[in-house]
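Here the structure comes first, spelled out in structure tokens, and everything after it is commentary.
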Amino acid sequence: MNSKVTNRIALSLIVLCAVIMVSTLAALLGYILVKGLTNISWHFLTSESSAFMAGGGIKDQLWNSFYVLIITMILTIPIGTSGGIYLAEYARPGKLTSFIRSCVEVLASLPSIVVGMFGMLIFVNYFGFKFSVLSGALALTVFNLPVIVRVTEDGFRALPLHQKEGGLALGLTHWHTIKTILLPEAFPSILTGIILSAGRVFGESAALLFTAGMSTPNLDFTNWNPASPNSPLNLFRSAETLSVHIWAVNTSGIIPDIQAVANGSSAVLVICVLMFNLLARAVGKMINQKLSGR
Amino acid sequence: MKISKAMISELPDDLPKSSLLKEKGLIKRFTDRYSESRGRTIIYGSAFTVIIAVVAITLFLTLQGLRSFVVDHINFWTFITGTDWNTDQTKNPSFGAFAFIFGSMSVTLLAALIATPIAIGSAIFMAELAKKWGQRILQPVIEILVGIPSVVYGFIGLTVIVPFMRVHFGGSGFNMLAGAIVVGVMILPTVTSIAADSIRAVPDSLREASYAIGATKWQTIWRVVIPAAGSSLMTAIVLGMSRAFGEALAVQMVIGNATKFPHSIFDPAATLTTIITLSMGDTTTGSVINDALWSLGLILLIISYVFILIIRLLSRRRNV
């Protein structure tokens, strides 16, 4: 065959691949949003879910998702950023450093269900936290840690060297330089990464199945005492998040309006994740503008 | 540091009370010799947390996973080669997990077969053909696709692909192919973005040399760019496969969860992850079934490690 003809055919196939990719996304988003948005109403967002009757909402699940996310972030951000700072600033090339690097890599590529099983073994059974917000958040911390470590390390490595040298030349200690000069400089890029990872944590389900549980006690949204069992703030109650809810409704739900609830919940979940995405992009854009001085 | 501290303590008394340095504690902040070691402790502690997490996961899952062989005396060989998973009968329950191992492997391979051509094609498109606007369109698409939670993929598979299978291929519609399609779409963005990176890493001089001897665009891509990016492209595919292998809920929703050995891709099946997802909640801790499930988890962990090793080997070859 003529090489020009082959060229044209092959290139059209490549373009076709890209078109398939874009249309897959368009179809997915279109499907979720078109089918879901009709089911989202104020009532759906603010009423409790029902175990067997139609017309249940997702108030508790939505709250649980955000609550678990916040607790996870409170646990992950200090440990993750410090780990990243270690790799970027303190680690000397050697066996220990490469071992830590491998550990981050392993942690990042373990399947989330393995992390969930570990969480069940350690936090739920061994520490006796039962199926709870705390167990779920701890499992998600393990799941999210490598992401934050990488983001922080990249953020620090992208900084110009003279910033650090300036600090050291003023006679500051290494730690003080990191704390007062490098960290504020790297903060925006770390923040972008954190927001993106928040979207990932928000949608995670397999790690939460055996750690945060598949049920929620009747929450009393007027009781904000973290120690009482039906308070939304209680760390030791089981908490079914939105993504686990979608799975549970589809696989073992007996409510008559499974389709409506699942459609609505999926749309809410995807919209939340998209918002995280947009937020991260906005922050990234802001940094770019700041850096280029416009 | 010692000297400066001594100097502070020896400051004359008649110094004005509102000394800027004194009031804001600046001297103390700059000369605090413990600040460095405190910071160091935090940093090193966090780094070790990462190590502890990995060691603990490996250790505890291994110990728990070995229980079924050590405590319950299930034969290891029949466990990984047997195809009969019949845990309900009280007399002589059988634990043969090969159907699940096979299910996981075939779903992973099928997913890679579905995703690879489209992913590599898109990667070539955005990194080679339309560098500017292809990038501008596909990059956000990839980011959003990565962000969509796996349950949502599973749910769409359940409401779109399963009915499609039911109409066109008969049966219940829950089958291995449906699982593979769902996972294939899920790993599409991961493979694409890494493949695009590796194509971008191919030096331009190679392309220029190829064009200079009169090769067409496709000949350059096929004969020069792809071989040059070879092992990184393999890394991208293996990474996608490892993600496909570990995916649980999305597959569980569409694969049909049959514990029988599947005979074609249109048969319902089960994978390691789906059987764990499905049964873990129903069994009591310490029972034989529960231990067997933990052993499945151990197999999952070991295969994940194998994937990690393969990826390391591939990327080492690239660095050399």
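Each chain in the structure tokens gets a letter, A, B and so on, in the order shown; residues start at 1 in every chain, and ligands are counted from 1 in the order they appear.
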Arg223 of chain B environment, 12 Å, only C-alpha atoms, sequence neighbours closer than 6 positions dropped, as a list in words
Leu206, Arg207, Ala209, Ser210, Tyr211, Ala215, Thr216, Lys217, Ala229 and Gly230 of chain B
Those same residues - all heavy atoms - I'd like them written as a PDB file, in the first residue's frame.
```pdb
ATOM      1  N   LEU B 206      15.195  12.830  17.284  1.00  0.00           N
ATOM      2  CA  LEU B 206      14.834  11.564  16.629  1.00  0.00           C
ATOM      3  C   LEU B 206      13.776  11.789  15.562  1.00  0.00           C
ATOM      4  O   LEU B 206      13.855  11.270  14.442  1.00  0.00           O
ATOM      5  CB  LEU B 206      14.309  10.570  17.671  1.00  0.00           C
ATOM      6  CG  LEU B 206      15.310  10.046  18.693  1.00  0.00           C
ATOM      7  CD1 LEU B 206      14.647   9.077  19.640  1.00  0.00           C
ATOM      8  CD2 LEU B 206      16.449   9.361  17.971  1.00  0.00           C
ATOM      9  N   ARG B 207      12.762  12.602  15.916  1.00  0.00           N
ATOM     10  CA  ARG B 207      11.691  12.869  14.947  1.00  0.00           C
ATOM     11  C   ARG B 207      12.253  13.602  13.728  1.00  0.00           C
ATOM     12  O   ARG B 207      11.941  13.266  12.588  1.00  0.00           O
ATOM     13  CB  ARG B 207      10.612  13.737  15.593  1.00  0.00           C
ATOM     14  CG  ARG B 207       9.929  13.060  16.745  1.00  0.00           C
ATOM     15  CD  ARG B 207       8.755  13.885  17.239  1.00  0.00           C
ATOM     16  NE  ARG B 207       8.156  13.231  18.380  1.00  0.00           N
ATOM     17  CZ  ARG B 207       8.434  13.554  19.639  1.00  0.00           C
ATOM     18  NH1 ARG B 207       9.254  14.531  19.904  1.00  0.00           N
ATOM     19  NH2 ARG B 207       7.860  12.900  20.624  1.00  0.00           N
ATOM     20  N   ALA B 209      15.222  13.603  12.539  1.00  0.00           N
ATOM     21  CA  ALA B 209      16.010  12.701  11.702  1.00  0.00           C
ATOM     22  C   ALA B 209      15.094  11.872  10.819  1.00  0.00           C
ATOM     23  O   ALA B 209      15.347  11.665   9.629  1.00  0.00           O
ATOM     24  CB  ALA B 209      16.860  11.790  12.580  1.00  0.00           C
ATOM     25  N   SER B 210      13.994  11.409  11.411  1.00  0.00           N
ATOM     26  CA  SER B 210      13.063  10.571  10.656  1.00  0.00           C
ATOM     27  C   SER B 210      12.409  11.358   9.524  1.00  0.00           C
ATOM     28  O   SER B 210      12.330  10.898   8.387  1.00  0.00           O
ATOM     29  CB  SER B 210      12.004  10.014  11.604  1.00  0.00           C
ATOM     30  OG  SER B 210      10.978   9.422  10.875  1.00  0.00           O
ATOM     31  N   TYR B 211      11.959  12.589   9.837  1.00  0.00           N
ATOM     32  CA  TYR B 211      11.346  13.409   8.782  1.00  0.00           C
ATOM     33  C   TYR B 211      12.365  13.743   7.706  1.00  0.00           C
ATOM     34  O   TYR B 211      12.050  13.820   6.522  1.00  0.00           O
ATOM     35  CB  TYR B 211      10.781  14.703   9.375  1.00  0.00           C
ATOM     36  CG  TYR B 211       9.554  14.493  10.228  1.00  0.00           C
ATOM     37  CD1 TYR B 211       9.419  15.104  11.462  1.00  0.00           C
ATOM     38  CD2 TYR B 211       8.513  13.666   9.777  1.00  0.00           C
ATOM     39  CE1 TYR B 211       8.297  14.912  12.246  1.00  0.00           C
ATOM     40  CE2 TYR B 211       7.390  13.462  10.557  1.00  0.00           C
ATOM     41  CZ  TYR B 211       7.293  14.080  11.785  1.00  0.00           C
ATOM     42  OH  TYR B 211       6.197  13.875  12.544  1.00  0.00           O
ATOM     43  N   ALA B 215      10.354  10.255   5.908  1.00  0.00           N
ATOM     44  CA  ALA B 215       9.292   9.415   6.461  1.00  0.00           C
ATOM     45  C   ALA B 215       8.012  10.225   6.626  1.00  0.00           C
ATOM     46  O   ALA B 215       8.058  11.447   6.828  1.00  0.00           O
ATOM     47  CB  ALA B 215       9.726   8.854   7.806  1.00  0.00           C
ATOM     48  N   THR B 216       6.875   9.550   6.501  1.00  0.00           N
ATOM     49  CA  THR B 216       5.615  10.241   6.761  1.00  0.00           C
ATOM     50  C   THR B 216       5.423  10.340   8.265  1.00  0.00           C
ATOM     51  O   THR B 216       6.164   9.760   9.045  1.00  0.00           O
ATOM     52  CB  THR B 216       4.427   9.467   6.163  1.00  0.00           C
ATOM     53  OG1 THR B 216       4.395   8.175   6.761  1.00  0.00           O
ATOM     54  CG2 THR B 216       4.545   9.347   4.666  1.00  0.00           C
ATOM     55  N   LYS B 217       4.393  11.095   8.629  1.00  0.00           N
ATOM     56  CA  LYS B 217       4.113  11.288  10.051  1.00  0.00           C
ATOM     57  C   LYS B 217       3.886   9.934  10.734  1.00  0.00           C
ATOM     58  O   LYS B 217       4.416   9.654  11.813  1.00  0.00           O
ATOM     59  CB  LYS B 217       2.874  12.175  10.200  1.00  0.00           C
ATOM     60  CG  LYS B 217       2.820  12.846  11.535  1.00  0.00           C
ATOM     61  CD  LYS B 217       2.268  14.266  11.421  1.00  0.00           C
ATOM     62  CE  LYS B 217       2.835  15.099  12.535  1.00  0.00           C
ATOM     63  NZ  LYS B 217       2.488  16.479  12.510  1.00  0.00           N
ATOM     64  N   ALA B 229       9.745   5.292  22.970  1.00  0.00           N
ATOM     65  CA  ALA B 229       9.020   5.461  24.237  1.00  0.00           C
ATOM     66  C   ALA B 229       8.656   4.106  24.830  1.00  0.00           C
ATOM     67  O   ALA B 229       8.006   4.044  25.870  1.00  0.00           O
ATOM     68  CB  ALA B 229       7.764   6.298  24.011  1.00  0.00           C
ATOM     69  N   GLY B 230       9.066   3.046  24.169  1.00  0.00           N
ATOM     70  CA  GLY B 230       8.632   1.683  24.479  1.00  0.00           C
ATOM     71  C   GLY B 230       8.390   1.324  25.922  1.00  0.00           C
ATOM     72  O   GLY B 230       7.242   1.088  26.316  1.00  0.00           O
TER      73      GLY B 230
END
```
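Atom CA of Asn39 of chain A to atom CA of Asp60 of chain A spans 17.2 Å [interatomic distance, one decimal].
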Run DSSP on the backbone and grab whatever in segment 21-204 of chain B lands in strand (DSSP E); send it over as a PyMOL selection string.
chain B and resi 85-86+94-95
For those residues, write C-alpha atoms to a file as a PDB file, in the first residue's frame.
```
ATOM      1  CA  TRP B  85     -15.986 -22.322  46.342  1.00  0.00           C
ATOM      2  CA  ASN B  86     -18.751 -23.737  48.478  1.00  0.00           C
ATOM      3  CA  SER B  94     -14.657 -26.301  50.022  1.00  0.00           C
ATOM      4  CA  PHE B  95     -12.399 -23.337  49.459  1.00  0.00           C
TER       5      PHE B  95
END
```
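Put simply, atom CA of Ala228 of chain B is 21.9 Å away from atom CA of Leu188 of chain B.
Using only C-alpha atoms, the protein and nucleic acid residues lying no more than 12 Å from segment 161-172 of chain B, apart from those fewer than 6 places from it along its own chain, are B:Tyr153, B:Gly154, B:Phe155, B:Ala178, B:Gly179, B:Ala180, B:Ile181, B:Val182, B:Val185, B:Val251, B:Met253, B:Val254, B:Ile255, B:Gly256, B:Asn257, B:Ala258, B:Ser264, B:Ile265, B:Phe266, B:Asp267, B:Pro268, B:Ala269.
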Okay, now the selection with N, CA and C atoms, as a compact mmCIF listing (two decimals), in the first residue's frame?
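Writing the result to selection31.txt gives the following:
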```
# COMPACT_ATOMS: atom_id res chain seq x y z
N TYR B 153 -18.90 4.98 37.96
CA TYR B 153 -18.64 4.13 36.81
C TYR B 153 -19.45 2.83 36.91
N GLY B 154 -19.42 2.24 38.12
CA GLY B 154 -20.15 1.00 38.33
C GLY B 154 -21.64 1.18 38.11
N PHE B 155 -22.15 2.28 38.61
CA PHE B 155 -23.59 2.54 38.49
C PHE B 155 -23.99 2.73 37.03
N ALA B 178 -18.82 -7.08 30.71
CA ALA B 178 -19.35 -5.83 31.27
C ALA B 178 -18.37 -5.27 32.30
N GLY B 179 -17.86 -6.15 33.18
CA GLY B 179 -16.88 -5.72 34.17
C GLY B 179 -15.65 -5.14 33.52
N ALA B 180 -15.17 -5.85 32.47
CA ALA B 180 -13.95 -5.40 31.80
C ALA B 180 -14.17 -4.04 31.13
N ILE B 181 -15.36 -3.83 30.54
CA ILE B 181 -15.61 -2.54 29.88
C ILE B 181 -15.59 -1.42 30.92
N VAL B 182 -16.29 -1.66 32.04
CA VAL B 182 -16.34 -0.62 33.07
C VAL B 182 -14.93 -0.28 33.55
N VAL B 185 -12.79 1.57 30.87
CA VAL B 185 -13.04 3.01 30.80
C VAL B 185 -12.40 3.72 31.99
N VAL B 251 -16.58 -3.15 39.64
CA VAL B 251 -16.65 -4.47 39.03
C VAL B 251 -17.75 -5.29 39.68
N MET B 253 -20.46 -4.47 40.89
CA MET B 253 -21.82 -4.11 40.52
C MET B 253 -22.26 -4.72 39.19
N VAL B 254 -21.30 -5.06 38.32
CA VAL B 254 -21.72 -5.51 36.98
C VAL B 254 -21.31 -6.93 36.63
N ILE B 255 -20.45 -7.57 37.43
CA ILE B 255 -19.87 -8.83 36.96
C ILE B 255 -20.75 -10.04 37.26
N GLY B 256 -21.73 -9.89 38.13
CA GLY B 256 -22.66 -10.99 38.35
C GLY B 256 -22.37 -11.84 39.57
N ASN B 257 -21.14 -11.80 40.05
CA ASN B 257 -20.78 -12.47 41.30
C ASN B 257 -21.15 -13.94 41.36
N ALA B 258 -20.85 -14.69 40.29
CA ALA B 258 -21.08 -16.13 40.33
C ALA B 258 -19.79 -16.79 40.79
N SER B 264 -17.00 -18.46 29.39
CA SER B 264 -16.78 -17.50 28.30
C SER B 264 -16.86 -16.11 28.92
N ILE B 265 -16.50 -15.10 28.13
CA ILE B 265 -16.55 -13.75 28.67
C ILE B 265 -17.99 -13.28 28.84
N PHE B 266 -18.96 -14.08 28.35
CA PHE B 266 -20.36 -13.69 28.56
C PHE B 266 -20.96 -14.42 29.75
N ASP B 267 -20.11 -15.09 30.55
CA ASP B 267 -20.59 -15.74 31.76
C ASP B 267 -20.40 -14.80 32.94
N PRO B 268 -21.35 -14.84 33.89
CA PRO B 268 -21.09 -14.11 35.13
C PRO B 268 -19.91 -14.73 35.86
N ALA B 269 -19.17 -13.92 36.58
CA ALA B 269 -17.98 -14.43 37.25
C ALA B 269 -17.78 -13.65 38.55
```
Sorted by chain and rising residue number, which residues of segment 80-169 of chain B lie within 12 Å of segment 244-256 of chain A, and what are their closest atom pairs and distances in Å to one decimal, counting only C-alpha atoms, as JSON lines?
```
{"residue": "B:Pro149", "atom": "CA", "partner": "A:Val244", "partner_atom": "CA", "distance": 10.7}
{"residue": "B:Ser150", "atom": "CA", "partner": "A:Trp247", "partner_atom": "CA", "distance": 9.9}
{"residue": "B:Val151", "atom": "CA", "partner": "A:Trp247", "partner_atom": "CA", "distance": 6.3}
{"residue": "B:Val152", "atom": "CA", "partner": "A:Ile246", "partner_atom": "CA", "distance": 7.9}
{"residue": "B:Tyr153", "atom": "CA", "partner": "A:Trp247", "partner_atom": "CA", "distance": 10.8}
{"residue": "B:Gly154", "atom": "CA", "partner": "A:Trp247", "partner_atom": "CA", "distance": 8.3}
{"residue": "B:Phe155", "atom": "CA", "partner": "A:Asn250", "partner_atom": "CA", "distance": 7.6}
{"residue": "B:Ile156", "atom": "CA", "partner": "A:Asn250", "partner_atom": "CA", "distance": 11.0}
{"residue": "B:Gly157", "atom": "CA", "partner": "A:Asn250", "partner_atom": "CA", "distance": 11.5}
{"residue": "B:Leu158", "atom": "CA", "partner": "A:Asn250", "partner_atom": "CA", "distance": 8.6}
{"residue": "B:Thr159", "atom": "CA", "partner": "A:Asn250", "partner_atom": "CA", "distance": 10.1}
```
Could you go through segment 20-225 of chain A and tell me which residues DSSP, when run on the backbone, assigns to alpha helix (DSSP H), listing them as an MDAnalysis selection string?
chainID A and resid 20:37 42:46 59:85 95:109 112:119 133:157 161:169 174:177 183:203 206:209
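Remark: for Lys260 of chain B, the closest of the candidate residues B:Trp222, B:Tyr305, B:Phe76, B:Phe98 is B:Phe98 (distances computed over only C-alpha atoms).
Residues surrounding segment 275-292 of chain B within 6 Å are Ser68, Leu272 and Ser295 of chain B [only C-alpha atoms; sequence separation below 3 positions excluded].
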Quick one: residues within 10 Å of Phe125 of chain B, only C-alpha atoms, excluding same-chain residues fewer than 6 positions away - as an MDAnalysis selection string?
(chainID A and resid 11 13:19) or (chainID B and resid 119 131 134:135 138 196)
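Residues surrounding segment 175-179 of chain A within 8 Å are Lys164, Gly167, Leu168, Leu172, Thr173, Ile181, Leu182, Leu183 and Pro184 of chain A; Ser35, Glu36, Gly39 and Arg40 of chain B [only C-alpha atoms; sequence separation below 2 positions excluded].
Remark: for chain B, the closest of the candidate residues A:Phe156, A:Tyr86, A:Phe52, A:Phe187 is A:Tyr86 (distances computed over only C-alpha atoms).
Distance annotation: of B:Pro117, B:Gly184, B:Pro93, B:Gly103, the residue with the minimal separation from chain A is B:Pro117; atom set is only C-alpha atoms.
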What lies within 12 Å of Tyr31 of chain A using only C-alpha atoms, ignoring chain neighbours under 2 positions off, as a JSON list (two decimals) with N, CA, C and O atoms, in the first residue's frame?
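Result file is around_27.json:
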```json
[["chain", "number", "residue", "atom", "x", "y", "z"],
["A", 23, "SER", "N", -15.75, 11.82, 23.63],
["A", 23, "SER", "CA", -17.18, 11.54, 23.65],
["A", 23, "SER", "C", -17.55, 10.63, 24.82],
["A", 23, "SER", "O", -18.68, 10.70, 25.32],
["A", 24, "THR", "N", -16.59, 9.79, 25.27],
["A", 24, "THR", "CA", -16.87, 8.99, 26.47],
["A", 24, "THR", "C", -17.17, 9.91, 27.65],
["A", 24, "THR", "O", -18.16, 9.72, 28.36],
["A", 25, "LEU", "N", -16.31, 10.91, 27.81],
["A", 25, "LEU", "CA", -16.52, 11.83, 28.93],
["A", 25, "LEU", "C", -17.84, 12.57, 28.77],
["A", 25, "LEU", "O", -18.63, 12.66, 29.71],
["A", 26, "ALA", "N", -18.09, 13.05, 27.54],
["A", 26, "ALA", "CA", -19.32, 13.80, 27.31],
["A", 26, "ALA", "C", -20.52, 12.92, 27.62],
["A", 26, "ALA", "O", -21.47, 13.34, 28.29],
["A", 27, "ALA", "N", -20.47, 11.66, 27.15],
["A", 27, "ALA", "CA", -21.59, 10.75, 27.38],
["A", 27, "ALA", "C", -21.78, 10.48, 28.87],
["A", 27, "ALA", "O", -22.90, 10.53, 29.39],
["A", 28, "LEU", "N", -20.67, 10.20, 29.56],
["A", 28, "LEU", "CA", -20.76, 9.91, 30.99],
["A", 28, "LEU", "C", -21.37, 11.08, 31.76],
["A", 28, "LEU", "O", -22.36, 10.92, 32.48],
["A", 29, "LEU", "N", -20.77, 12.27, 31.55],
["A", 29, "LEU", "CA", -21.25, 13.44, 32.28],
["A", 29, "LEU", "C", -22.69, 13.76, 31.91],
["A", 29, "LEU", "O", -23.53, 14.00, 32.77],
["A", 33, "LEU", "N", -25.66, 13.75, 34.60],
["A", 33, "LEU", "CA", -26.31, 15.01, 34.94],
["A", 33, "LEU", "C", -27.75, 15.05, 34.46],
["A", 33, "LEU", "O", -28.65, 15.44, 35.20],
["A", 34, "VAL", "N", -28.00, 14.59, 33.21],
["A", 34, "VAL", "CA", -29.37, 14.65, 32.69],
["A", 34, "VAL", "C", -30.30, 13.77, 33.52],
["A", 34, "VAL", "O", -31.39, 14.17, 33.91],
["A", 35, "LYS", "N", -29.85, 12.55, 33.81],
["A", 35, "LYS", "CA", -30.72, 11.66, 34.58],
["A", 35, "LYS", "C", -30.79, 12.06, 36.04],
["A", 35, "LYS", "O", -31.79, 11.83, 36.71],
["A", 36, "GLY", "N", -29.70, 12.64, 36.54],
["A", 36, "GLY", "CA", -29.65, 12.92, 37.96],
["A", 36, "GLY", "C", -30.32, 14.22, 38.37],
["A", 36, "GLY", "O", -31.00, 14.27, 39.39],
["A", 37, "LEU", "N", -30.11, 15.26, 37.55],
["A", 37, "LEU", "CA", -30.57, 16.58, 37.98],
["A", 37, "LEU", "C", -32.08, 16.62, 38.18],
["A", 37, "LEU", "O", -32.58, 17.35, 39.03],
["A", 38, "THR", "N", -32.83, 15.80, 37.41],
["A", 38, "THR", "CA", -34.28, 15.81, 37.59],
["A", 38, "THR", "C", -34.67, 15.25, 38.95],
["A", 38, "THR", "O", -35.76, 15.50, 39.44],
["A", 263, "ASN", "N", -29.58, 7.73, 40.89],
["A", 263, "ASN", "CA", -29.31, 8.78, 39.90],
["A", 263, "ASN", "C", -29.00, 10.10, 40.58],
["A", 263, "ASN", "O", -28.02, 10.77, 40.26],
["A", 264, "GLY", "N", -29.86, 10.47, 41.53],
["A", 264, "GLY", "CA", -29.67, 11.74, 42.22],
["A", 264, "GLY", "C", -28.36, 11.77, 42.97],
["A", 264, "GLY", "O", -27.59, 12.74, 42.88],
["A", 266, "SER", "N", -25.62, 9.98, 42.49],
["A", 266, "SER", "CA", -24.48, 10.01, 41.58],
["A", 266, "SER", "C", -24.25, 11.43, 41.08],
["A", 266, "SER", "O", -23.11, 11.91, 41.02],
["A", 267, "ALA", "N", -25.36, 12.09, 40.71],
["A", 267, "ALA", "CA", -25.21, 13.45, 40.19],
["A", 267, "ALA", "C", -24.61, 14.37, 41.26],
["A", 267, "ALA", "O", -23.69, 15.14, 40.98],
["A", 270, "VAL", "N", -20.88, 13.52, 41.63],
["A", 270, "VAL", "CA", -20.07, 14.00, 40.51],
["A", 270, "VAL", "C", -19.97, 15.53, 40.54],
["A", 270, "VAL", "O", -18.89, 16.09, 40.30],
["B", 152, "VAL", "N", -19.59, 5.54, 40.60],
["B", 152, "VAL", "CA", -20.39, 6.14, 39.54],
["B", 152, "VAL", "C", -20.17, 5.37, 38.23],
["B", 152, "VAL", "O", -21.12, 5.08, 37.49],
["B", 153, "TYR", "N", -18.90, 4.98, 37.96],
["B", 153, "TYR", "CA", -18.64, 4.13, 36.81],
["B", 153, "TYR", "C", -19.45, 2.83, 36.91],
["B", 153, "TYR", "O", -20.06, 2.38, 35.96],
["B", 155, "PHE", "N", -22.15, 2.28, 38.61],
["B", 155, "PHE", "CA", -23.59, 2.54, 38.49],
["B", 155, "PHE", "C", -23.99, 2.73, 37.03],
["B", 155, "PHE", "O", -25.01, 2.19, 36.58],
["B", 156, "ILE", "N", -23.16, 3.45, 36.26],
["B", 156, "ILE", "CA", -23.47, 3.63, 34.84],
["B", 156, "ILE", "C", -23.37, 2.29, 34.13],
["B", 156, "ILE", "O", -24.21, 1.95, 33.27],
["B", 157, "GLY", "N", -22.37, 1.48, 34.50],
["B", 157, "GLY", "CA", -22.28, 0.14, 33.93],
["B", 157, "GLY", "C", -23.54, -0.66, 34.20],
["B", 157, "GLY", "O", -24.06, -1.35, 33.32],
["B", 159, "THR", "N", -26.59, 0.49, 34.74],
["B", 159, "THR", "CA", -27.80, 0.96, 34.09],
["B", 159, "THR", "C", -27.68, 1.05, 32.58],
["B", 159, "THR", "O", -28.70, 1.17, 31.90],
["B", 160, "VAL", "N", -26.45, 1.01, 32.05],
["B", 160, "VAL", "CA", -26.31, 1.12, 30.59],
["B", 160, "VAL", "C", -25.76, -0.16, 29.98],
["B", 160, "VAL", "O", -26.38, -0.75, 29.08]]
```
